[in-house]
There are 2 protein chains.
Amino acid sequence: MKRINVEKCAHMLKKEDNILILTHAHPDGDTLGCAFGLCRALHKIGKKARVICADEIPAKYSYLFKGVEKQEFNEEYIVAVDVATENLLGALEKDYAGKINLCIDHHPSNTGYAQNLLLVADAAAAAETVFKVIKAMRVTIDKQIADCLFTGITTDTGCFRYASTTSNTYRAAAELIDLGADNGRINRAMFETKAKTLVALERLAIESMEFFSDDRICVITLTQEMYKKSGSNEEETEAVPPLTRQQEGVEIGLTIKEKTDGKCKCSIRTYESVDASKLAGFFGGGGHKQAAACKFDCGTEEAKAMLLEKCRELLSK
Amino acid sequence: MKRINVEKCAHMLKKEDNILILTHAHPDGDTLGCAFGLCRALHKIGKKARVICADEIPAKYSYLFKGVEKQEFNEEYIVAVDVATENLLGALEKDYAGKINLCIDHHPSNTGYAQNLLLVADAAAAAETVFKVIKAMRVTIDKQIADCLFTGITTDTGCFRYASTTSNTYRAAAELIDLGADNGRINRAMFETKAKTLVALERLAIESMEFFSDDRICVITLTQEMYKKSGSNEEETEAVPPLTRQQEGVEIGLTIKEKTDGKCKCSIRTYESVDASKLAGFFGGGGHKQAAACKFDCGTEEAKAMLLEKCRELLSK
């Protein structure tokens with residue numbers, strides 16, 4: 001593995017052709033924005049390029065690839081964007097592990113699996129770096145490319161909310177808006193507009209909220225009954241866990257989700273005082289310091305009791 | 001009334017002393033961020049200045065005035081910030097109406113009540129313009145001033161989410177972060193952490209949601225009973241109106257708030273298809289294209305009926 005800089009990365013991409021771009025599985029706005037932004041840029045300078053992803057791309061991201069020509073070719077150069085480890089490629093891992101020529105990423109945990117790695121760990125989104133690469137390639141950035149890159153930046157920063165957002169992030173956003181990115185529409189689609197079914201599910205979730213340990217723990221339990229009642233499903237539940245830690249004083253937020261087989265899993269959200277990945281680790285799960293998850297072979301009530309016991313232990317330290 | 005530009009405004013402030021700064025009633029992050037940012041800047045260049053507000057300042061904004069010296073003096077120059085009309089001064093109106101020397105604002109509906117008006121209507125927040133004024137005054141902006149101005153910008157744009165946010169807004173945010181603004185902490189305090197009473201009120205608000213006209217209109221009614229039940233109060237209701245337009249398909253969101261005297265007022269939120277200030281205007285109110293407000297001399301049910309009638313008329317066009 002060789003660490004490269006933006007100029008070198010741009011130079012390499014300009015030299016290559018028939019470029020396959022890989023995103024991570026369960027794709028989010030950053031990996032997709034990077035992939036389609038880069039793909040569009042490569043097409044503009046006459047390269048053949050296409051994007052692949054192990055999982056279906058959620059409908060709300062369809063504007064990212066609208067109008068992108070579907071090109072068939074034998075891939076000669078393989079690029080991964082916003083992919084920290086090869087196993088995050090999901091079903092693509094078996095075909096491409098060990099074959100990736102270039103990775104553009106911002107995760108400090110990147111394992112260095114690619115031949116060439118452009119890693120900017122203090123970028124809030126990988127799209128910030130892809131933006132620099134495209135500029136260094138001297139591609140004229142159009143509205144569509146700007147929309148892709150803005151999407152990557154805004155989704156990975158929770159709409160510029162997280163502490164990871166730097167002045168460079170805001171400056172990149174400003175530039176992309178001047179290049180045509182439709183910030184109002186994108187932010188609305190990504191953060192404001194919720195499906196009716198999700199609004200209904202959130203309503204039930206909020207009604208189900210329970211507080212423990214002097215309100216330092218908040219628990220939401222999502223049952224199959226609630227999915228039925230709201231017309232929602234597990235795919236929509238990613239919006240729920242943040243609700244658990246929004247009340248002042250809450251240090252641990254647990255979202256326990258009942259599965260169809262009666263077993264359950266739990267999404268954990270914390271603030272600085274508690275390490276979510278440690279809590280998840282007790283139950284065989286894992287994740288980040290403030291967002292983690294684990295699975296249970298029992299029902300929601302039993303899981304809740306076990307989780308609360310561990311939570312109380314952690315809070316008493 | 002004379003329209004002035006940033007340079008002229010800075011020049012005038014540098015000439016004056018014993019400056020009283022007025023915010024609007026029911027203060028939000030923009031009016032308070034402007035007022036305390038400007039007050040701190042004036043103190044730095046040796047002027048006497050203080051901020052007054054008709055209503056109590058919510059505790060979450062206390063960092064804005066932390067360490068600001070409380071100065072007593074006979075006011076010689078009166079400045080209003082982010083105040084579109086004199087009656088928005090609330091209880092201060094009777095003392096200061098007709099006496100305001102300078103207004104810095106961004107509301108297109110500003111009535112021109114001040115002797116001198118610096119109105120930048122395409123600024124997403126009044127704080128964007130106050131920032132320019134302070135720079136034009138050649139004040140060295142410190143972390144505290146930067147925090148105040150960043151707060152104004154982020155609160156008035158819903159954390160850079162609304163379509164009113166321009167590339168200039170993002171650029172101003174980037175500059176303020178470079179000057180020391182603690183964007184991560186401010187955004188968390190303003191947008192992530194909610195008082196227990198507010199969480200309880202939101203829960204009741206969400207339960208009270210009603211949908212009309214094929215779900216194109218969403219209405220939340222906040223009653224005195226709900227304030228009592230949640231331990232919340234009207235000061236906390238600014239978080240509620242955005243909830244009305246979050247469901248896909250909603251074009252008009254109405255939050256009708258019962259006052260202690262049984263009368264009510266309404267916060268209106270819309271998307272592009274409907275002009276909120278026009279709807280508010282029918283009832284003697286005003287505001288922006290996508291966020292406006294108006295008052296009623298009747299109860300919530302009667303107001304709702306009148307509002308819905310006008311909404312249907314607007315939607316049928």
# chains A, B, ... in the order shown; residues from 1 in each chain; ligands from 1
$ calpha_fit_rmsd --fixed "chain A" --moving "chain B"
2.5 Å
$ residues_around --residues "B:Glu69" --least-positions-apart "2" --cutoff "9 Å" --atoms "only C-alpha atoms" --output "ChimeraX atom specification"
/B:40,43,50,65-67,71
$ residues_around --residues "B:Lys8" --least-positions-apart "2" --cutoff "10 Å" --atoms "only C-alpha atoms" --output "PyMOL selection string"
chain B and resi 3-6+10-14+116+118+133+136-137
$ write_last_selection --atoms "C-alpha atoms" --output "PDB file, in the first residue's frame"
ATOM      1  CA  ARG B   3     -31.631  52.733   3.834  1.00  0.00           C
ATOM      2  CA  ILE B   4     -27.933  52.419   4.595  1.00  0.00           C
ATOM      3  CA  ASN B   5     -25.203  49.943   3.673  1.00  0.00           C
ATOM      4  CA  VAL B   6     -22.777  47.975   5.828  1.00  0.00           C
ATOM      5  CA  ALA B  10     -20.310  50.585  10.817  1.00  0.00           C
ATOM      6  CA  HIS B  11     -19.372  54.251  10.522  1.00  0.00           C
ATOM      7  CA  MET B  12     -22.488  55.374  12.427  1.00  0.00           C
ATOM      8  CA  LEU B  13     -21.942  52.892  15.254  1.00  0.00           C
ATOM      9  CA  LYS B  14     -18.333  53.990  15.622  1.00  0.00           C
ATOM     10  CA  ASN B 116     -31.677  54.120   9.525  1.00  0.00           C
ATOM     11  CA  LEU B 118     -29.557  48.156   7.104  1.00  0.00           C
ATOM     12  CA  VAL B 133     -20.846  45.299  10.232  1.00  0.00           C
ATOM     13  CA  ALA B 136     -16.353  46.853   8.833  1.00  0.00           C
ATOM     14  CA  MET B 137     -15.957  48.416  12.301  1.00  0.00           C
TER      15      MET B 137
END
$ residues_around --residues "stretch 16-19 of chain B" --least-positions-apart "2" --cutoff "8 Å" --atoms "only C-alpha atoms" --output "PyMOL selection string"
chain B and resi 12-14+21+47-50+73-79
$ write_last_selection --atoms "N, CA, C and O atoms" --output "PDB file, in the first residue's frame"
ATOM      1  N   MET B  12     -21.559  54.753  11.467  1.00  0.00           N
ATOM      2  CA  MET B  12     -22.488  55.374  12.427  1.00  0.00           C
ATOM      3  C   MET B  12     -22.256  54.829  13.830  1.00  0.00           C
ATOM      4  O   MET B  12     -22.218  55.582  14.807  1.00  0.00           O
ATOM      5  N   LEU B  13     -22.125  53.503  13.930  1.00  0.00           N
ATOM      6  CA  LEU B  13     -21.942  52.892  15.254  1.00  0.00           C
ATOM      7  C   LEU B  13     -20.636  53.359  15.890  1.00  0.00           C
ATOM      8  O   LEU B  13     -20.572  53.560  17.108  1.00  0.00           O
ATOM      9  N   LYS B  14     -19.624  53.549  15.077  1.00  0.00           N
ATOM     10  CA  LYS B  14     -18.333  53.990  15.622  1.00  0.00           C
ATOM     11  C   LYS B  14     -18.401  55.429  16.136  1.00  0.00           C
ATOM     12  O   LYS B  14     -17.643  55.812  17.035  1.00  0.00           O
ATOM     13  N   ILE B  21     -29.251  48.130  22.776  1.00  0.00           N
ATOM     14  CA  ILE B  21     -29.568  47.190  21.697  1.00  0.00           C
ATOM     15  C   ILE B  21     -30.839  46.422  22.065  1.00  0.00           C
ATOM     16  O   ILE B  21     -30.909  45.788  23.121  1.00  0.00           O
ATOM     17  N   LYS B  47     -16.925  51.352  23.722  1.00  0.00           N
ATOM     18  CA  LYS B  47     -18.261  51.959  23.799  1.00  0.00           C
ATOM     19  C   LYS B  47     -19.019  51.386  24.978  1.00  0.00           C
ATOM     20  O   LYS B  47     -18.814  50.237  25.368  1.00  0.00           O
ATOM     21  N   LYS B  48     -19.951  52.173  25.497  1.00  0.00           N
ATOM     22  CA  LYS B  48     -20.901  51.634  26.455  1.00  0.00           C
ATOM     23  C   LYS B  48     -22.088  51.079  25.662  1.00  0.00           C
ATOM     24  O   LYS B  48     -22.606  51.734  24.755  1.00  0.00           O
ATOM     25  N   ALA B  49     -22.507  49.873  26.024  1.00  0.00           N
ATOM     26  CA  ALA B  49     -23.626  49.247  25.315  1.00  0.00           C
ATOM     27  C   ALA B  49     -24.257  48.198  26.208  1.00  0.00           C
ATOM     28  O   ALA B  49     -23.577  47.593  27.053  1.00  0.00           O
ATOM     29  N   ARG B  50     -25.560  48.012  26.058  1.00  0.00           N
ATOM     30  CA  ARG B  50     -26.213  46.886  26.727  1.00  0.00           C
ATOM     31  C   ARG B  50     -27.386  46.395  25.887  1.00  0.00           C
ATOM     32  O   ARG B  50     -27.892  47.113  25.008  1.00  0.00           O
ATOM     33  N   PHE B  73     -26.068  53.238  31.907  1.00  0.00           N
ATOM     34  CA  PHE B  73     -25.832  54.554  31.266  1.00  0.00           C
ATOM     35  C   PHE B  73     -27.169  55.063  30.752  1.00  0.00           C
ATOM     36  O   PHE B  73     -28.133  54.301  30.656  1.00  0.00           O
ATOM     37  N   ASN B  74     -27.204  56.327  30.452  1.00  0.00           N
ATOM     38  CA  ASN B  74     -28.399  56.875  29.813  1.00  0.00           C
ATOM     39  C   ASN B  74     -28.272  56.679  28.306  1.00  0.00           C
ATOM     40  O   ASN B  74     -27.346  57.214  27.681  1.00  0.00           O
ATOM     41  N   GLU B  75     -29.199  55.929  27.777  1.00  0.00           N
ATOM     42  CA  GLU B  75     -29.067  55.552  26.373  1.00  0.00           C
ATOM     43  C   GLU B  75     -29.141  56.781  25.455  1.00  0.00           C
ATOM     44  O   GLU B  75     -29.955  57.676  25.650  1.00  0.00           O
ATOM     45  N   GLU B  76     -28.238  56.783  24.481  1.00  0.00           N
ATOM     46  CA  GLU B  76     -28.204  57.898  23.522  1.00  0.00           C
ATOM     47  C   GLU B  76     -28.497  57.429  22.107  1.00  0.00           C
ATOM     48  O   GLU B  76     -28.810  58.238  21.234  1.00  0.00           O
ATOM     49  N   TYR B  77     -28.362  56.143  21.894  1.00  0.00           N
ATOM     50  CA  TYR B  77     -28.518  55.623  20.533  1.00  0.00           C
ATOM     51  C   TYR B  77     -29.158  54.245  20.632  1.00  0.00           C
ATOM     52  O   TYR B  77     -28.690  53.394  21.383  1.00  0.00           O
ATOM     53  N   ILE B  78     -30.237  54.049  19.914  1.00  0.00           N
ATOM     54  CA  ILE B  78     -31.010  52.812  20.066  1.00  0.00           C
ATOM     55  C   ILE B  78     -30.982  51.987  18.779  1.00  0.00           C
ATOM     56  O   ILE B  78     -31.326  52.474  17.702  1.00  0.00           O
ATOM     57  N   VAL B  79     -30.579  50.757  18.938  1.00  0.00           N
ATOM     58  CA  VAL B  79     -30.416  49.848  17.794  1.00  0.00           C
ATOM     59  C   VAL B  79     -31.324  48.637  17.984  1.00  0.00           C
ATOM     60  O   VAL B  79     -31.377  48.063  19.074  1.00  0.00           O
TER      61      VAL B  79
END
$ atom_distance --atom1 "atom CA of A:Gln246" --atom2 "atom CA of A:Cys264"
23.1 Å
$ select_by_dssp --residues "stretch 99-297 of chain A" --states "strand (DSSP E)" --output "number ranges by chain"
A: 102-105, 116-119, 210-212, 217-222, 252-258, 264-270, 286-287, 291-296
$ write_last_selection --atoms "C-alpha atoms" --output "tab-separated table (two decimals), in the first residue's frame"
chain	number	residue	atom	x	y	z
A	102	LEU	CA	-7.16	3.04	-5.42
A	103	CYS	CA	-9.11	3.98	-2.33
A	104	ILE	CA	-10.29	7.48	-1.44
A	105	ASP	CA	-11.44	7.61	2.18
A	116	ASN	CA	-2.93	3.34	-3.42
A	117	LEU	CA	-4.66	5.14	-0.59
A	118	LEU	CA	-5.74	8.77	-0.50
A	119	LEU	CA	-6.79	9.12	3.14
A	210	GLU	CA	-39.21	4.85	28.94
A	211	PHE	CA	-36.68	6.54	31.17
A	212	PHE	CA	-34.50	4.87	33.82
A	217	ILE	CA	-31.16	6.08	30.21
A	218	CYS	CA	-33.89	6.30	27.56
A	219	VAL	CA	-35.35	3.17	25.98
A	220	ILE	CA	-37.50	2.89	22.87
A	221	THR	CA	-38.92	-0.53	22.06
A	222	LEU	CA	-40.04	-1.13	18.48
A	252	ILE	CA	-27.48	6.21	27.05
A	253	GLY	CA	-30.22	5.75	24.46
A	254	LEU	CA	-31.36	2.21	23.63
A	255	THR	CA	-33.58	1.31	20.70
A	256	ILE	CA	-34.65	-2.32	21.02
A	257	LYS	CA	-36.12	-3.74	17.82
A	258	GLU	CA	-38.18	-6.90	17.79
A	264	CYS	CA	-34.36	-8.72	18.94
A	265	LYS	CA	-31.47	-6.36	18.38
A	266	CYS	CA	-30.49	-3.09	19.97
A	267	SER	CA	-29.12	0.20	18.63
A	268	ILE	CA	-27.13	2.08	21.25
A	269	ARG	CA	-26.50	5.84	21.23
A	270	THR	CA	-24.45	7.62	23.87
A	286	GLY	CA	-19.69	-3.48	18.30
A	287	GLY	CA	-19.51	-0.09	16.60
A	291	ALA	CA	-23.17	4.62	18.16
A	292	ALA	CA	-23.10	0.83	18.34
A	293	ALA	CA	-25.38	-2.22	18.06
A	294	CYS	CA	-25.81	-5.79	19.28
A	295	LYS	CA	-28.14	-8.78	18.85
A	296	PHE	CA	-30.07	-10.93	21.30
$ interface_residues --of "chain B" --to "chain A" --cutoff "6 Å" --atoms "only C-alpha atoms" --output "PDB file with N, CA, C and O atoms, in the first residue's frame"
ATOM      1  N   ARG B 161     -29.931  23.993   7.144  1.00  0.00           N
ATOM      2  CA  ARG B 161     -30.793  23.069   6.427  1.00  0.00           C
ATOM      3  C   ARG B 161     -31.742  23.770   5.457  1.00  0.00           C
ATOM      4  O   ARG B 161     -31.980  23.283   4.364  1.00  0.00           O
ATOM      5  N   TYR B 162     -32.265  24.930   5.866  1.00  0.00           N
ATOM      6  CA  TYR B 162     -33.310  25.551   5.059  1.00  0.00           C
ATOM      7  C   TYR B 162     -32.779  26.051   3.715  1.00  0.00           C
ATOM      8  O   TYR B 162     -31.596  26.367   3.565  1.00  0.00           O
ATOM      9  N   ALA B 163     -33.708  26.163   2.754  1.00  0.00           N
ATOM     10  CA  ALA B 163     -33.350  26.622   1.416  1.00  0.00           C
ATOM     11  C   ALA B 163     -32.859  28.068   1.432  1.00  0.00           C
ATOM     12  O   ALA B 163     -32.211  28.516   0.486  1.00  0.00           O
ATOM     13  N   SER B 167     -24.552  30.145  -0.308  1.00  0.00           N
ATOM     14  CA  SER B 167     -23.115  29.893  -0.198  1.00  0.00           C
ATOM     15  C   SER B 167     -22.478  30.934   0.722  1.00  0.00           C
ATOM     16  O   SER B 167     -21.527  30.629   1.442  1.00  0.00           O
ATOM     17  N   TYR B 170     -22.764  29.670   4.307  1.00  0.00           N
ATOM     18  CA  TYR B 170     -21.757  28.645   4.614  1.00  0.00           C
ATOM     19  C   TYR B 170     -20.371  29.286   4.764  1.00  0.00           C
ATOM     20  O   TYR B 170     -19.586  28.902   5.623  1.00  0.00           O
ATOM     21  N   ARG B 171     -20.103  30.270   3.910  1.00  0.00           N
ATOM     22  CA  ARG B 171     -18.798  30.923   3.970  1.00  0.00           C
ATOM     23  C   ARG B 171     -18.632  31.698   5.277  1.00  0.00           C
ATOM     24  O   ARG B 171     -17.567  31.680   5.896  1.00  0.00           O
ATOM     25  N   ALA B 174     -17.875  29.252   7.987  1.00  0.00           N
ATOM     26  CA  ALA B 174     -16.476  28.803   7.916  1.00  0.00           C
ATOM     27  C   ALA B 174     -15.557  29.847   8.558  1.00  0.00           C
ATOM     28  O   ALA B 174     -14.696  29.520   9.376  1.00  0.00           O
ATOM     29  N   ILE B 177     -15.917  29.859  12.344  1.00  0.00           N
ATOM     30  CA  ILE B 177     -15.233  28.714  12.969  1.00  0.00           C
ATOM     31  C   ILE B 177     -13.732  29.005  13.041  1.00  0.00           C
ATOM     32  O   ILE B 177     -13.090  28.764  14.061  1.00  0.00           O
ATOM     33  N   GLY B 184     -19.451  22.589  16.880  1.00  0.00           N
ATOM     34  CA  GLY B 184     -19.946  21.295  17.352  1.00  0.00           C
ATOM     35  C   GLY B 184     -20.792  21.448  18.608  1.00  0.00           C
ATOM     36  O   GLY B 184     -21.906  20.943  18.691  1.00  0.00           O
ATOM     37  N   ASN B 187     -24.084  23.595  17.903  1.00  0.00           N
ATOM     38  CA  ASN B 187     -25.116  22.849  17.176  1.00  0.00           C
ATOM     39  C   ASN B 187     -25.745  21.766  18.039  1.00  0.00           C
ATOM     40  O   ASN B 187     -26.949  21.520  17.957  1.00  0.00           O
ATOM     41  N   GLU B 192     -29.568  19.320  19.262  1.00  0.00           N
ATOM     42  CA  GLU B 192     -29.640  17.920  19.663  1.00  0.00           C
ATOM     43  C   GLU B 192     -30.235  17.733  21.038  1.00  0.00           C
ATOM     44  O   GLU B 192     -30.960  16.791  21.282  1.00  0.00           O
ATOM     45  N   THR B 193     -29.864  18.634  21.954  1.00  0.00           N
ATOM     46  CA  THR B 193     -30.292  18.426  23.326  1.00  0.00           C
ATOM     47  C   THR B 193     -31.585  19.191  23.588  1.00  0.00           C
ATOM     48  O   THR B 193     -31.671  20.382  23.358  1.00  0.00           O
ATOM     49  N   LYS B 194     -32.559  18.475  24.077  1.00  0.00           N
ATOM     50  CA  LYS B 194     -33.843  19.113  24.374  1.00  0.00           C
ATOM     51  C   LYS B 194     -34.144  18.981  25.857  1.00  0.00           C
ATOM     52  O   LYS B 194     -33.891  17.933  26.452  1.00  0.00           O
ATOM     53  N   ALA B 195     -34.762  20.039  26.422  1.00  0.00           N
ATOM     54  CA  ALA B 195     -35.195  19.971  27.818  1.00  0.00           C
ATOM     55  C   ALA B 195     -36.242  18.868  27.951  1.00  0.00           C
ATOM     56  O   ALA B 195     -36.989  18.586  27.010  1.00  0.00           O
ATOM     57  N   LYS B 196     -36.299  18.267  29.126  1.00  0.00           N
ATOM     58  CA  LYS B 196     -37.292  17.217  29.376  1.00  0.00           C
ATOM     59  C   LYS B 196     -38.700  17.715  29.112  1.00  0.00           C
ATOM     60  O   LYS B 196     -39.549  17.011  28.575  1.00  0.00           O
ATOM     61  N   GLN B 246     -42.753  18.011   8.321  1.00  0.00           N
ATOM     62  CA  GLN B 246     -41.732  17.003   8.055  1.00  0.00           C
ATOM     63  C   GLN B 246     -42.259  15.777   7.313  1.00  0.00           C
ATOM     64  O   GLN B 246     -41.488  15.020   6.746  1.00  0.00           O
ATOM     65  N   GLN B 247     -43.576  15.577   7.321  1.00  0.00           N
ATOM     66  CA  GLN B 247     -44.105  14.399   6.628  1.00  0.00           C
ATOM     67  C   GLN B 247     -44.185  14.658   5.136  1.00  0.00           C
ATOM     68  O   GLN B 247     -44.642  15.729   4.716  1.00  0.00           O
ATOM     69  N   GLU B 248     -43.753  13.689   4.345  1.00  0.00           N
ATOM     70  CA  GLU B 248     -43.757  13.899   2.892  1.00  0.00           C
ATOM     71  C   GLU B 248     -45.170  14.229   2.428  1.00  0.00           C
ATOM     72  O   GLU B 248     -46.136  13.652   2.895  1.00  0.00           O
TER      73      GLU B 248
END
$ select_by_dssp --residues "stretch 8-250 of chain A" --states "alpha helix (DSSP H)" --output "JSON, numbers by chain"
{"A": [8, 9, 10, 11, 12, 13, 14, 15, 29, 30, 31, 32, 33, 34, 35, 36, 37, 38, 39, 40, 41, 42, 43, 44, 93, 94, 95, 96, 126, 127, 128, 129, 130, 131, 132, 133, 134, 135, 136, 143, 144, 145, 146, 147, 148, 149, 150, 151, 152, 153, 154, 155, 156, 167, 168, 169, 170, 171, 172, 173, 174, 175, 176, 177, 178, 183, 184, 185, 186, 187, 196, 197, 198, 199, 200, 201, 202, 203, 204, 205, 206, 207, 208, 224, 225, 226, 227, 228, 229, 230, 241, 242, 243, 244]}
$ atom_distance --atom1 "atom CA of B:Asn87" --atom2 "atom CA of B:Glu234"
18.1 Å
$ closest_residue --among "A:Lys143, A:Lys317, A:His106, A:His26" --to "A:Gly180" --atoms "only C-alpha atoms"
A:Lys143
$ atom_distance --atom1 "atom CA of A:Ala126" --atom2 "atom CA of B:Ile153"
25.5 Å
$ residues_around --residues "A:Val83" --least-positions-apart "5" --cutoff "7 Å" --atoms "only C-alpha atoms" --output "compact mmCIF listing (two decimals) with N, CA and C atoms, in the first residue's frame"
# COMPACT_ATOMS: atom_id res chain seq x y z
N THR A 23 -18.73 1.11 -3.98
CA THR A 23 -19.18 1.78 -2.75
C THR A 23 -19.25 0.73 -1.64
N HIS A 24 -19.45 1.17 -0.42
CA HIS A 24 -19.65 0.18 0.64
C HIS A 24 -21.09 -0.33 0.62
N LEU A 88 -16.45 -4.28 4.33
CA LEU A 88 -17.59 -3.36 4.20
C LEU A 88 -18.12 -3.33 2.76
N ASP A 105 -10.69 7.84 0.94
CA ASP A 105 -11.44 7.61 2.18
C ASP A 105 -11.14 8.70 3.22
$ closest_residue --among "A:Gln144, A:Ser109, A:Ser273, A:Ser62" --to "A:Leu315" --atoms "only C-alpha atoms"
A:Ser273
$ residues_around --residues "B:Glu86" --least-positions-apart "4" --cutoff "12 Å" --atoms "only C-alpha atoms" --output "list in words"
Leu22, Thr23, His24, Ala25, Val79, Ala80, Val81, Asp82, Gly90, Ala91, Leu92, Glu93, Lys94, Asp95, Tyr96, Ala97, Gly98, Lys99, Ile100, Cys103, Ser109, Asn110, Thr111, Gly112, Tyr113 and Ala114 of chain B
